[in-house]
Structures are given as C-alpha cells and as structure tokens.
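> I'm passing along protein-v3.pdb; it holds PDB, C-alpha atoms.
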ATOM      1  CA  MET A   1       0.000   0.000   0.000
ATOM      2  CA  LYS A   2       1.354   3.457  -0.927
ATOM      3  CA  PRO A   3       1.467   6.300   1.588
ATOM      4  CA  VAL A   4      -1.223   8.875   0.876
ATOM      5  CA  PHE A   5      -0.117  11.451   3.437
ATOM      6  CA  VAL A   6       3.016  13.554   3.569
ATOM      7  CA  THR A   7       4.726  15.395   6.401
ATOM      8  CA  GLY A   8       2.660  18.389   7.436
ATOM      9  CA  ASP A   9      -0.695  16.970   6.343
ATOM     10  CA  LYS A  10      -3.607  17.530   8.687
ATOM     11  CA  VAL A  11      -5.260  14.258   9.665
ATOM     12  CA  LYS A  12      -7.887  12.937  12.015
ATOM     13  CA  VAL A  13      -7.777   9.547  13.717
ATOM     14  CA  ARG A  14     -10.897   7.522  12.952
ATOM     15  CA  ALA A  15     -13.265   7.389  15.901
ATOM     16  CA  ALA A  16     -14.006   3.720  15.287
ATOM     17  CA  GLU A  17     -14.527   0.975  17.833
ATOM     18  CA  VAL A  18     -13.126  -2.450  17.091
ATOM     19  CA  ALA A  19     -13.571  -5.524  19.212
ATOM     20  CA  THR A  20     -10.344  -7.122  18.018
ATOM     21  CA  HIS A  21      -6.664  -6.292  18.539
ATOM     22  CA  CYS A  22      -5.427  -2.955  17.230
ATOM     23  CA  ARG A  23      -2.612  -0.510  17.960
ATOM     24  CA  THR A  24      -4.569   2.742  17.864
ATOM     25  CA  PRO A  25      -4.901   4.056  21.430
ATOM     26  CA  HIS A  26      -8.406   4.944  22.547
ATOM     27  CA  TYR A  27      -7.338   8.316  23.891
ATOM     28  CA  LEU A  28      -6.454   9.435  20.360
ATOM     29  CA  ARG A  29      -9.546   8.217  18.528
ATOM     30  CA  GLY A  30     -11.310  11.091  16.806
ATOM     31  CA  LYS A  31      -8.431  13.486  17.535
ATOM     32  CA  ARG A  32      -6.878  15.836  15.013
ATOM     33  CA  GLY A  33      -3.160  15.909  14.398
ATOM     34  CA  ILE A  34      -0.403  16.612  11.921
ATOM     35  CA  VAL A  35       1.820  14.119  10.110
ATOM     36  CA  ALA A  36       5.289  14.560  11.645
ATOM     37  CA  ARG A  37       7.115  11.651   9.983
ATOM     38  CA  VAL A  38       6.330   9.152   7.287
ATOM     39  CA  PHE A  39       7.786   5.740   8.111
ATOM     40  CA  GLY A  40       7.819   2.764   5.766
ATOM     41  CA  ALA A  41       5.080   0.169   5.402
ATOM     42  CA  TYR A  42       4.678  -2.458   8.121
ATOM     43  CA  PRO A  43       2.641  -5.637   8.547
ATOM     44  CA  ASN A  44      -0.900  -4.968   9.683
ATOM     45  CA  PRO A  45      -0.849  -5.689  13.435
ATOM     46  CA  GLU A  46      -4.585  -6.337  13.407
ATOM     47  CA  GLN A  47      -3.861  -9.422  11.308
ATOM     48  CA  LEU A  48      -0.567 -10.418  12.911
ATOM     49  CA  ALA A  49      -2.385 -10.770  16.212
ATOM     50  CA  TYR A  50      -4.402 -13.573  14.679
ATOM     51  CA  HIS A  51      -1.501 -15.408  13.035
ATOM     52  CA  ARG A  52      -2.126 -13.955   9.590
ATOM     53  CA  LEU A  53       0.546 -12.430   7.384
ATOM     54  CA  GLY A  54      -0.384  -8.798   7.854
ATOM     55  CA  VAL A  55      -0.680  -8.081   4.152
ATOM     56  CA  PRO A  56      -1.014  -5.656   2.560
ATOM     57  CA  TYR A  57       1.614  -3.838   4.620
ATOM     58  CA  LEU A  58       0.375  -0.492   5.898
ATOM     59  CA  PRO A  59       2.107   2.881   5.731
ATOM     60  CA  LEU A  60       2.918   4.078   9.237
ATOM     61  CA  TYR A  61       3.047   7.695  10.334
ATOM     62  CA  GLN A  62       4.180   9.543  13.391
ATOM     63  CA  ILE A  63       1.327  11.901  14.183
ATOM     64  CA  GLU A  64       1.722  14.966  16.343
ATOM     65  CA  PHE A  65      -1.217  15.981  18.549
ATOM     66  CA  ASP A  66      -1.562  19.188  20.475
ATOM     67  CA  PHE A  67      -2.165  18.432  24.154
ATOM     68  CA  LYS A  68      -5.311  20.547  24.250
ATOM     69  CA  GLU A  69      -6.802  18.689  21.286
ATOM     70  CA  VAL A  70      -6.332  15.409  23.136
ATOM     71  CA  TRP A  71      -7.378  16.334  26.666
ATOM     72  CA  GLY A  72      -9.444  19.505  26.198
ATOM     73  CA  LYS A  73      -7.227  21.639  28.423
ATOM     74  CA  ALA A  74      -3.925  23.363  27.842
ATOM     75  CA  ALA A  75      -0.733  22.233  29.554
ATOM     76  CA  GLY A  76       1.824  24.735  28.398
ATOM     77  CA  ALA A  77       3.753  23.837  25.288
ATOM     78  CA  THR A  78       3.010  20.132  25.245
ATOM     79  CA  VAL A  79       2.691  17.770  22.328
ATOM     80  CA  ILE A  80       1.890  14.073  22.192
ATOM     81  CA  THR A  81       3.121  11.964  19.310
ATOM     82  CA  ALA A  82       1.909   8.482  18.422
ATOM     83  CA  ASP A  83       2.496   6.142  15.513
ATOM     84  CA  ILE A  84      -0.681   5.404  13.582
ATOM     85  CA  TYR A  85      -1.258   3.113  10.597
ATOM     86  CA  GLN A  86      -2.761   4.638   7.494
ATOM     87  CA  HIS A  87      -6.155   2.922   7.634
ATOM     88  CA  TRP A  88      -6.863   4.666  10.942
ATOM     89  CA  LEU A  89      -6.314   8.120   9.446
ATOM     90  CA  GLU A  90      -8.569  10.360   7.426
ATOM     91  CA  ARG A  91      -7.720  13.671   5.838
ATOM     92  CA  ASP A  92      -8.731  16.685   7.910
ATOM     93  CA  ASN A  93      -9.157  19.715   5.693
TER      94      ASN A  93
ATOM     95  CA  MET B   1      14.076 -15.961  51.907
ATOM     96  CA  SER B   2      15.555 -17.674  54.949
ATOM     97  CA  GLY B   3      17.564 -20.870  54.842
ATOM     98  CA  ASP B   4      14.447 -22.978  55.034
ATOM     99  CA  HIS B   5      15.038 -26.626  54.167
ATOM    100  CA  HIS B   6      11.382 -27.368  53.673
ATOM    101  CA  HIS B   7      10.557 -25.289  50.626
ATOM    102  CA  PRO B   8       9.078 -27.497  47.979
ATOM    103  CA  HIS B   9      11.045 -28.777  45.036
ATOM    104  CA  GLY B  10       8.957 -30.211  42.292
ATOM    105  CA  ASP B  11      11.926 -31.296  40.216
ATOM    106  CA  LYS B  12      14.592 -33.888  40.671
ATOM    107  CA  ALA B  13      16.641 -33.922  43.813
ATOM    108  CA  HIS B  14      19.758 -31.815  43.880
ATOM    109  CA  ASP B  15      22.335 -30.763  46.406
ATOM    110  CA  HIS B  16      21.917 -27.481  48.179
ATOM    111  CA  ASP B  17      23.197 -26.029  51.369
ATOM    112  CA  SER B  18      21.146 -24.269  53.984
ATOM    113  CA  HIS B  19      21.930 -20.851  52.510
ATOM    114  CA  ALA B  20      21.045 -21.605  48.926
ATOM    115  CA  PRO B  21      18.577 -19.043  47.626
ATOM    116  CA  VAL B  22      15.388 -20.250  46.060
ATOM    117  CA  SER B  23      15.935 -19.591  42.381
ATOM    118  CA  GLU B  24      13.328 -18.082  40.121
ATOM    119  CA  ALA B  25      13.187 -21.384  38.291
ATOM    120  CA  HIS B  26      11.420 -22.843  41.310
ATOM    121  CA  ASP B  27       9.037 -19.973  41.683
ATOM    122  CA  ILE B  28       6.190 -21.177  39.534
ATOM    123  CA  SER B  29       3.500 -19.899  41.841
ATOM    124  CA  SER B  30       1.995 -17.439  39.395
ATOM    125  CA  GLU B  31      -0.156 -18.448  36.478
ATOM    126  CA  SER B  32       1.985 -16.569  33.975
ATOM    127  CA  ALA B  33       5.131 -18.325  35.168
ATOM    128  CA  LEU B  34       3.385 -21.675  34.820
ATOM    129  CA  LEU B  35       2.212 -20.749  31.348
ATOM    130  CA  GLU B  36       5.719 -19.655  30.343
ATOM    131  CA  ARG B  37       7.209 -22.900  31.544
ATOM    132  CA  ALA B  38       4.601 -25.040  29.825
ATOM    133  CA  LEU B  39       4.985 -23.135  26.562
ATOM    134  CA  ARG B  40       8.776 -23.200  26.702
ATOM    135  CA  GLU B  41       8.895 -26.939  27.358
ATOM    136  CA  LEU B  42       6.412 -27.612  24.598
ATOM    137  CA  LEU B  43       8.279 -25.484  22.038
ATOM    138  CA  ILE B  44      11.545 -27.248  22.865
ATOM    139  CA  GLU B  45       9.882 -30.667  22.810
ATOM    140  CA  LYS B  46       8.384 -29.941  19.379
ATOM    141  CA  ASN B  47      11.756 -28.718  18.082
ATOM    142  CA  ILE B  48      10.476 -25.223  17.294
ATOM    143  CA  PHE B  49      13.672 -24.061  18.961
ATOM    144  CA  THR B  50      16.289 -25.724  21.121
ATOM    145  CA  ALA B  51      17.241 -25.054  24.700
ATOM    146  CA  GLY B  52      20.511 -23.700  23.259
ATOM    147  CA  ASP B  53      18.638 -21.222  21.043
ATOM    148  CA  LEU B  54      16.734 -20.027  24.080
ATOM    149  CA  ARG B  55      19.903 -19.665  26.144
ATOM    150  CA  ARG B  56      21.595 -17.649  23.383
ATOM    151  CA  GLN B  57      18.594 -15.341  23.097
ATOM    152  CA  ILE B  58      18.527 -14.797  26.857
ATOM    153  CA  GLU B  59      22.244 -14.030  26.796
ATOM    154  CA  LEU B  60      21.755 -11.585  23.938
ATOM    155  CA  THR B  61      18.878  -9.869  25.741
ATOM    156  CA  GLU B  62      20.901  -9.609  28.942
ATOM    157  CA  SER B  63      23.924  -8.241  27.078
ATOM    158  CA  ARG B  64      21.907  -5.173  26.123
ATOM    159  CA  THR B  65      22.252  -2.510  28.802
ATOM    160  CA  PRO B  66      21.982   1.302  28.982
ATOM    161  CA  GLU B  67      25.778   1.405  28.556
ATOM    162  CA  LEU B  68      25.142   0.873  24.833
ATOM    163  CA  GLY B  69      22.816   3.845  24.639
ATOM    164  CA  ALA B  70      25.306   5.941  26.612
ATOM    165  CA  LYS B  71      28.063   5.190  24.099
ATOM    166  CA  VAL B  72      25.792   6.328  21.290
ATOM    167  CA  VAL B  73      24.899   9.528  23.148
ATOM    168  CA  ALA B  74      28.513  10.377  23.980
ATOM    169  CA  ARG B  75      29.551   9.938  20.356
ATOM    170  CA  ALA B  76      26.639  12.076  19.156
ATOM    171  CA  TRP B  77      27.677  14.823  21.581
ATOM    172  CA  THR B  78      31.249  14.842  20.344
ATOM    173  CA  ASP B  79      30.801  14.243  16.619
ATOM    174  CA  ALA B  80      28.279  16.439  14.805
ATOM    175  CA  GLN B  81      28.393  14.345  11.647
ATOM    176  CA  TYR B  82      27.688  11.204  13.648
ATOM    177  CA  LYS B  83      24.772  12.943  15.372
ATOM    178  CA  ALA B  84      23.307  13.922  12.025
ATOM    179  CA  ARG B  85      23.530  10.321  10.788
ATOM    180  CA  LEU B  86      22.068   9.011  14.047
ATOM    181  CA  LEU B  87      19.063  11.323  13.963
ATOM    182  CA  ALA B  88      18.437  10.624  10.282
ATOM    183  CA  ASP B  89      18.667   6.822  10.473
ATOM    184  CA  ALA B  90      19.485   5.415  13.900
ATOM    185  CA  LYS B  91      19.974   1.717  13.255
ATOM    186  CA  PRO B  92      22.935   1.780  10.849
ATOM    187  CA  ALA B  93      24.613   4.543  12.866
ATOM    188  CA  ILE B  94      24.312   2.435  16.036
ATOM    189  CA  GLU B  95      25.338  -0.814  14.352
ATOM    190  CA  ASN B  96      28.486   0.807  12.953
ATOM    191  CA  LEU B  97      29.464   2.417  16.233
ATOM    192  CA  LEU B  98      28.826  -0.532  18.538
ATOM    193  CA  GLY B  99      29.517  -3.400  16.166
ATOM    194  CA  ILE B 100      26.178  -5.037  16.937
ATOM    195  CA  ASP B 101      23.562  -6.466  14.613
ATOM    196  CA  LEU B 102      20.124  -4.855  14.927
ATOM    197  CA  ASN B 103      18.657  -6.662  11.959
ATOM    198  CA  LEU B 104      16.191  -8.643  14.056
ATOM    199  CA  THR B 105      15.262  -5.858  16.448
ATOM    200  CA  PRO B 106      12.399  -3.417  15.957
ATOM    201  CA  GLU B 107      12.844  -0.129  14.127
ATOM    202  CA  LEU B 108      14.559   2.583  16.113
ATOM    203  CA  THR B 109      14.480   6.372  16.047
ATOM    204  CA  VAL B 110      16.558   8.702  18.220
ATOM    205  CA  VAL B 111      14.914  11.981  19.250
ATOM    206  CA  GLU B 112      17.053  14.894  20.363
ATOM    207  CA  ASN B 113      16.463  16.939  23.497
ATOM    208  CA  THR B 114      17.478  20.569  23.275
ATOM    209  CA  ALA B 115      17.183  23.588  25.537
ATOM    210  CA  ALA B 116      13.850  24.332  23.853
ATOM    211  CA  ARG B 117      12.355  20.864  23.386
ATOM    212  CA  HIS B 118      12.244  17.866  25.722
ATOM    213  CA  HIS B 119      11.138  14.363  24.699
ATOM    214  CA  VAL B 120       9.926  11.655  27.053
ATOM    215  CA  ILE B 121       9.098   8.188  25.771
ATOM    216  CA  CYS B 122       6.358   5.793  26.788
ATOM    217  CA  CYS B 123       4.156   3.015  25.510
ATOM    218  CA  THR B 124       0.562   3.513  26.576
ATOM    219  CA  LEU B 125      -0.555   0.249  24.973
ATOM    220  CA  CYS B 126       1.992  -2.142  26.450
ATOM    221  CA  SER B 127       5.721  -1.847  27.172
ATOM    222  CA  CYS B 128       7.510  -1.033  23.893
ATOM    223  CA  TYR B 129      11.011   0.147  24.766
ATOM    224  CA  PRO B 130      14.321   0.581  22.919
ATOM    225  CA  ARG B 131      15.689  -2.678  24.314
ATOM    226  CA  ALA B 132      18.407  -2.879  21.672
ATOM    227  CA  VAL B 133      20.198   0.076  23.267
ATOM    228  CA  LEU B 134      18.757   0.326  26.785
ATOM    229  CA  GLY B 135      18.151  -3.323  27.689
ATOM    230  CA  ILE B 136      15.223  -4.468  29.789
ATOM    231  CA  PRO B 137      12.785  -1.686  30.747
ATOM    232  CA  PRO B 138      12.438  -0.657  34.390
ATOM    233  CA  ALA B 139       9.309  -1.931  36.141
ATOM    234  CA  TRP B 140       7.817   1.545  36.478
ATOM    235  CA  TYR B 141       7.987   2.027  32.694
ATOM    236  CA  LYS B 142       5.587  -0.897  32.299
ATOM    237  CA  SER B 143       3.304   0.152  35.138
ATOM    238  CA  PRO B 144      -0.263   1.188  34.296
ATOM    239  CA  GLU B 145       0.289   4.323  36.371
ATOM    240  CA  TYR B 146       3.240   5.646  34.324
ATOM    241  CA  ARG B 147       1.619   4.668  31.026
ATOM    242  CA  ALA B 148      -1.657   6.388  31.878
ATOM    243  CA  ARG B 149      -0.258   9.482  33.540
ATOM    244  CA  VAL B 150       2.692  10.471  31.372
ATOM    245  CA  VAL B 151       0.402  11.341  28.458
ATOM    246  CA  ARG B 152      -2.207  13.031  30.664
ATOM    247  CA  GLU B 153      -0.036  15.026  33.063
ATOM    248  CA  PRO B 154       3.514  14.867  31.727
ATOM    249  CA  ARG B 155       4.886  17.839  33.654
ATOM    250  CA  GLU B 156       3.642  16.404  36.936
ATOM    251  CA  VAL B 157       5.129  12.996  36.144
ATOM    252  CA  LEU B 158       8.453  14.561  35.208
ATOM    253  CA  ALA B 159       8.414  16.564  38.435
ATOM    254  CA  GLU B 160       7.959  13.326  40.372
ATOM    255  CA  PHE B 161      11.151  12.100  38.726
ATOM    256  CA  GLY B 162      12.828  15.294  39.957
ATOM    257  CA  THR B 163      12.681  16.934  36.542
ATOM    258  CA  GLN B 164      11.511  20.539  36.614
ATOM    259  CA  LEU B 165      11.603  22.149  33.211
ATOM    260  CA  PRO B 166      10.913  25.831  32.515
ATOM    261  CA  ASP B 167       7.372  26.418  31.237
ATOM    262  CA  ASP B 168       8.630  27.553  27.853
ATOM    263  CA  VAL B 169      10.385  24.250  27.155
ATOM    264  CA  GLU B 170       8.148  22.251  24.856
ATOM    265  CA  ILE B 171       7.455  18.755  26.141
ATOM    266  CA  ARG B 172       6.929  16.050  23.558
ATOM    267  CA  VAL B 173       5.475  12.833  24.930
ATOM    268  CA  VAL B 174       6.430  10.133  22.459
ATOM    269  CA  ASP B 175       3.974   7.239  22.611
ATOM    270  CA  SER B 176       5.508   4.122  21.002
ATOM    271  CA  THR B 177       2.310   2.629  19.651
ATOM    272  CA  ALA B 178       3.528   0.640  16.655
ATOM    273  CA  ASP B 179       6.697  -0.705  15.000
ATOM    274  CA  MET B 180       8.987   2.165  15.975
ATOM    275  CA  ARG B 181      11.002   2.303  19.197
ATOM    276  CA  TYR B 182      12.423   5.589  20.452
ATOM    277  CA  MET B 183      15.493   6.549  22.423
ATOM    278  CA  VAL B 184      16.135  10.065  23.713
ATOM    279  CA  LEU B 185      19.407  11.853  23.019
ATOM    280  CA  PRO B 186      19.673  13.906  26.213
ATOM    281  CA  LEU B 187      20.896  17.490  26.369
ATOM    282  CA  ARG B 188      24.640  17.642  26.986
ATOM    283  CA  PRO B 189      25.404  19.185  30.387
ATOM    284  CA  ARG B 190      27.288  22.471  30.360
ATOM    285  CA  ASP B 191      30.998  22.608  31.173
ATOM    286  CA  THR B 192      31.714  19.130  29.865
ATOM    287  CA  GLY B 193      33.769  20.227  26.880
ATOM    288  CA  HIS B 194      37.003  19.032  28.507
ATOM    289  CA  LEU B 195      35.744  15.518  29.252
ATOM    290  CA  SER B 196      36.790  12.472  27.260
ATOM    291  CA  GLU B 197      34.197  10.264  25.595
ATOM    292  CA  GLN B 198      34.667   7.691  28.387
ATOM    293  CA  GLU B 199      34.072  10.343  31.025
ATOM    294  CA  LEU B 200      30.953  11.526  29.211
ATOM    295  CA  ILE B 201      29.613   7.964  29.049
ATOM    296  CA  ALA B 202      29.854   7.752  32.838
ATOM    297  CA  LEU B 203      27.570  10.800  33.184
ATOM    298  CA  ILE B 204      24.745   9.444  31.052
ATOM    299  CA  THR B 205      21.868   7.756  32.854
ATOM    300  CA  ARG B 206      19.221   5.358  31.610
ATOM    301  CA  ASP B 207      16.442   7.696  32.725
ATOM    302  CA  SER B 208      17.900  10.554  30.681
ATOM    303  CA  MET B 209      17.619   8.335  27.584
ATOM    304  CA  ILE B 210      13.970   7.606  28.448
ATOM    305  CA  GLY B 211      13.496  11.312  29.019
ATOM    306  CA  VAL B 212      12.071  11.227  32.541
ATOM    307  CA  SER B 213      15.268  12.853  33.758
ATOM    308  CA  VAL B 214      17.721  15.441  32.561
ATOM    309  CA  LEU B 215      21.424  15.195  33.328
ATOM    310  CA  ALA B 216      22.938  17.259  36.123
ATOM    311  CA  GLY B 217      24.258  20.502  34.689
ATOM    312  CA  SER B 218      21.770  20.701  31.819
ATOM    313  CA  GLN B 219      21.113  24.339  31.088
ATOM    314  CA  TYR B 220      17.792  25.695  29.813
TER     315      TYR B 220
END
Just give me the structure as structure tokens.


Amino acid sequence: MKPVFVTGDKVKVRAAEVATHCRTPHYLRGKRGIVARVFGAYPNPEQLAYHRLGVPYLPLYQIEFDFKEVWGKAAGATVITADIYQHWLERDN
Amino acid sequence: MSGDHHHPHGDKAHDHDSHAPVSEAHDISSESALLERALRELLIEKNIFTAGDLRRQIELTESRTPELGAKVVARAWTDAQYKARLLADAKPAIENLLGIDLNLTPELTVVENTAARHHVICCTLCSCYPRAVLGIPPAWYKSPEYRARVVREPREVLAEFGTQLPDDVEIRVVDSTADMRYMVLPLRPRDTGHLSEQELIALITRDSMIGVSVLAGSQY
C-alpha cells in the first residue's frame, strides 16, 4: 500500500470501535493531528495478532497531537506523538 | 528468603546447602510463570527451537544494557556528523558504532532533546522500549500508572522524577504505539567540553535516555 499522506498533512484519527486487537490508542480516537514523519510500510498488526501475514503492509506515520486537542485543556507547550497506521487516518481539511 | 530446608522442590533432587537461595526457576507460583514454563517446554519438545537457542537469546537480551545507549549519546555529543547520521537513520549509525547487529530488532528512532524541546518516551498500549540500546525496561515504565499518567499530566510525572523544566520548554510525549522504538538523546550538560568520551559515558543515565530525567548541569 502506498502512503497517501506527507509530512505536514492535517489528519484525524478515525473514531471507530473495534472488538479485536489494534494498535490505535483509545485516547487518540477522533483526535486531530499533523503528520510529523512518514515511516515505511509495516505488517498490519490487526492481522498479525491472529496469526495472519499482515498483508497488505500499511504505511505508518508519526502523528503529532496538540495536548489541548487530546485532553481539552492546555498544559503549556506540550505535544503528544503516536504512531498510527494509514487505515486509521482520514484527511482533515 | 531464609535458609528454610522445607521449601518445595517439584523437580529432581539436587544438592543445596542451607543458605542456597530459592531460584526463580522454582518460583512457579503465578499463572503466567506456569504458562511460560509449559509453553517453553512444549516449544523445545516440538523442536520449534532448542534449549541452546533459548539460552543464546537470553544471553543476547541480557547483554543489552543502557551502557550501549550511553556510548551512542557520547559519540553524538562529540561528533556532529555522527549525530546527524544518528538522527536521520538510527539503526545503521548504532550498528556501525557498537559493532552489533540490529537486523532482528524493531525499528529505532533517536529523538534529540534541546534547551527548547524535551522528549519523554512511553508506551501507553503495552511496554515497547528501545531494548536494543537500553536493555530491559524498568518496572515503572511498564506500570499502568506511568503509562496512563505520562500522556495526561507529563509535567507532573516529570516533576515526580525530579525533573523541573521551565514552562517555555516544549514537552513532547512520544507514545511508542507501533513498529517504531524511540530513544532520547539527552541534552549535553554544560561545562563538559574538557571531558573524554569515556568520562561523558559515565555521566549518562538510563532515565535521561527515556526522558524522565535530565542530566545534572543541563542548562535551559
């Protein structure tokens, strides 16, 4: 799978609920952030957890979230970054 | 544990004196320890791996200590070109410096602390940690309390580690949620220009490479 986002893009983490294994923390679901780094493509952990191959590999991004966006209150100059696979991200224009 | 002769031994008889400690191998009281033992014995019995493979992996894991990370940090402090390579692509820079093979270890990125920007690493989902360069994570790093609080009240958590940063220093909490592991390149303390690389290595702490601490003499 090809990366569709580039550094600096505004994105939003999907606010989905899944009953199975995934690596998208709940506290970031539905939150807006900015693509800080574009990593390579990695096996889909949601398949690996169930002994499947994890194909197609998924582009992985480091996303930067402003603290206030995540927790609703400011905490000085504070940023949280997390690494999110492409299928959990949507463009935020 | 006292020198109690009556502690149970489920395995074959062996010699021990009255002061012999009870080894972890005998401590199979917890369910997870039982599960580990059952799984290990089954995997060896089915020839998935050998006892020798397991021993080598344990030795490799135990050979990884924060001393490795400290060597990387000291070199980055003293060699600007090395630092640039390290920050751009950590694994090859570390492999070349330390002569170790990171081919089978997770991806690794080094993030640089400056007087304006401080990184602290965590894994809110489990216990992802840059084991290749820092070894086995401390227990608190894996605790639900650290994992929950460092993203929610990072300045308070840092203060509890004795780390008070000026308000204008940006804090970046780096949550290792996927394939990437992170190590912090701490800020070099002031007045260390005369120190040798070996002397610098001795100053560098594990916690400064996690980012919960800054090194004595760091100037903001």

> Expressed in Å to a single decimal, how great is the separation between CA of Thr163 in chain B and CA of Gly211 in chain B?

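Straight-line distance from CA of Thr163 in chain B to CA of Gly211 in chain B works out to 9.4 Å.
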
> May I have the residues of chain B within 12 Å of chain A, counting only C-alpha atoms, written as number ranges by chain?

B: 88-89, 106-109, 111, 116-126, 128, 147-148, 150-156, 165-182

> Which residues fall under the PyMOL selection byres ((chain A and resi 1) around 8) in this file, as a PDB file with C-alpha atoms, in the frame of the given file?


ATOM      1  CA  LYS A   2       1.354   3.457  -0.927  1.00  0.00           C
ATOM      2  CA  PRO A   3       1.467   6.300   1.588  1.00  0.00           C
ATOM      3  CA  ALA A  41       5.080   0.169   5.402  1.00  0.00           C
ATOM      4  CA  PRO A  56      -1.014  -5.656   2.560  1.00  0.00           C
ATOM      5  CA  TYR A  57       1.614  -3.838   4.620  1.00  0.00           C
ATOM      6  CA  LEU A  58       0.375  -0.492   5.898  1.00  0.00           C
ATOM      7  CA  PRO A  59       2.107   2.881   5.731  1.00  0.00           C
TER       8      PRO A  59
END

> Go ahead and compute the interatomic distance for CA of Trp88 in chain A and CA of Arg149 in chain B, in Å to one decimal.

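Taking CA of Trp88 in chain A as the start and CA of Arg149 in chain B as the end point, the length is 24.0 Å.
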
> Can you tell me how far CA of Gln198 in chain B sits from CA of Gly69 in chain B, in Å to one decimal?

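Atom-to-atom, CA of Gln198 in chain B to CA of Gly69 in chain B, that is 13.0 Å.
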
> Taking (15.1, 10.5, 30.7) in the coordinates of the supplied file, I want to know which residues reach to within 10 Å of it, counting all atoms listed in the file; could you give the answer as a PyMOL selection string?

chain B and resi 113+118-121+158+161+163+183-186+204-215

> Box for range 75-82 of chain B - axis-aligned, 5 Å on each of the six sides, all listed atoms - centre and size in Å to one decimal, as JSON.


{"center_x": 28.9, "center_y": 13.2, "center_z": 16.6, "size_x": 14.6, "size_y": 16.5, "size_z": 19.9}
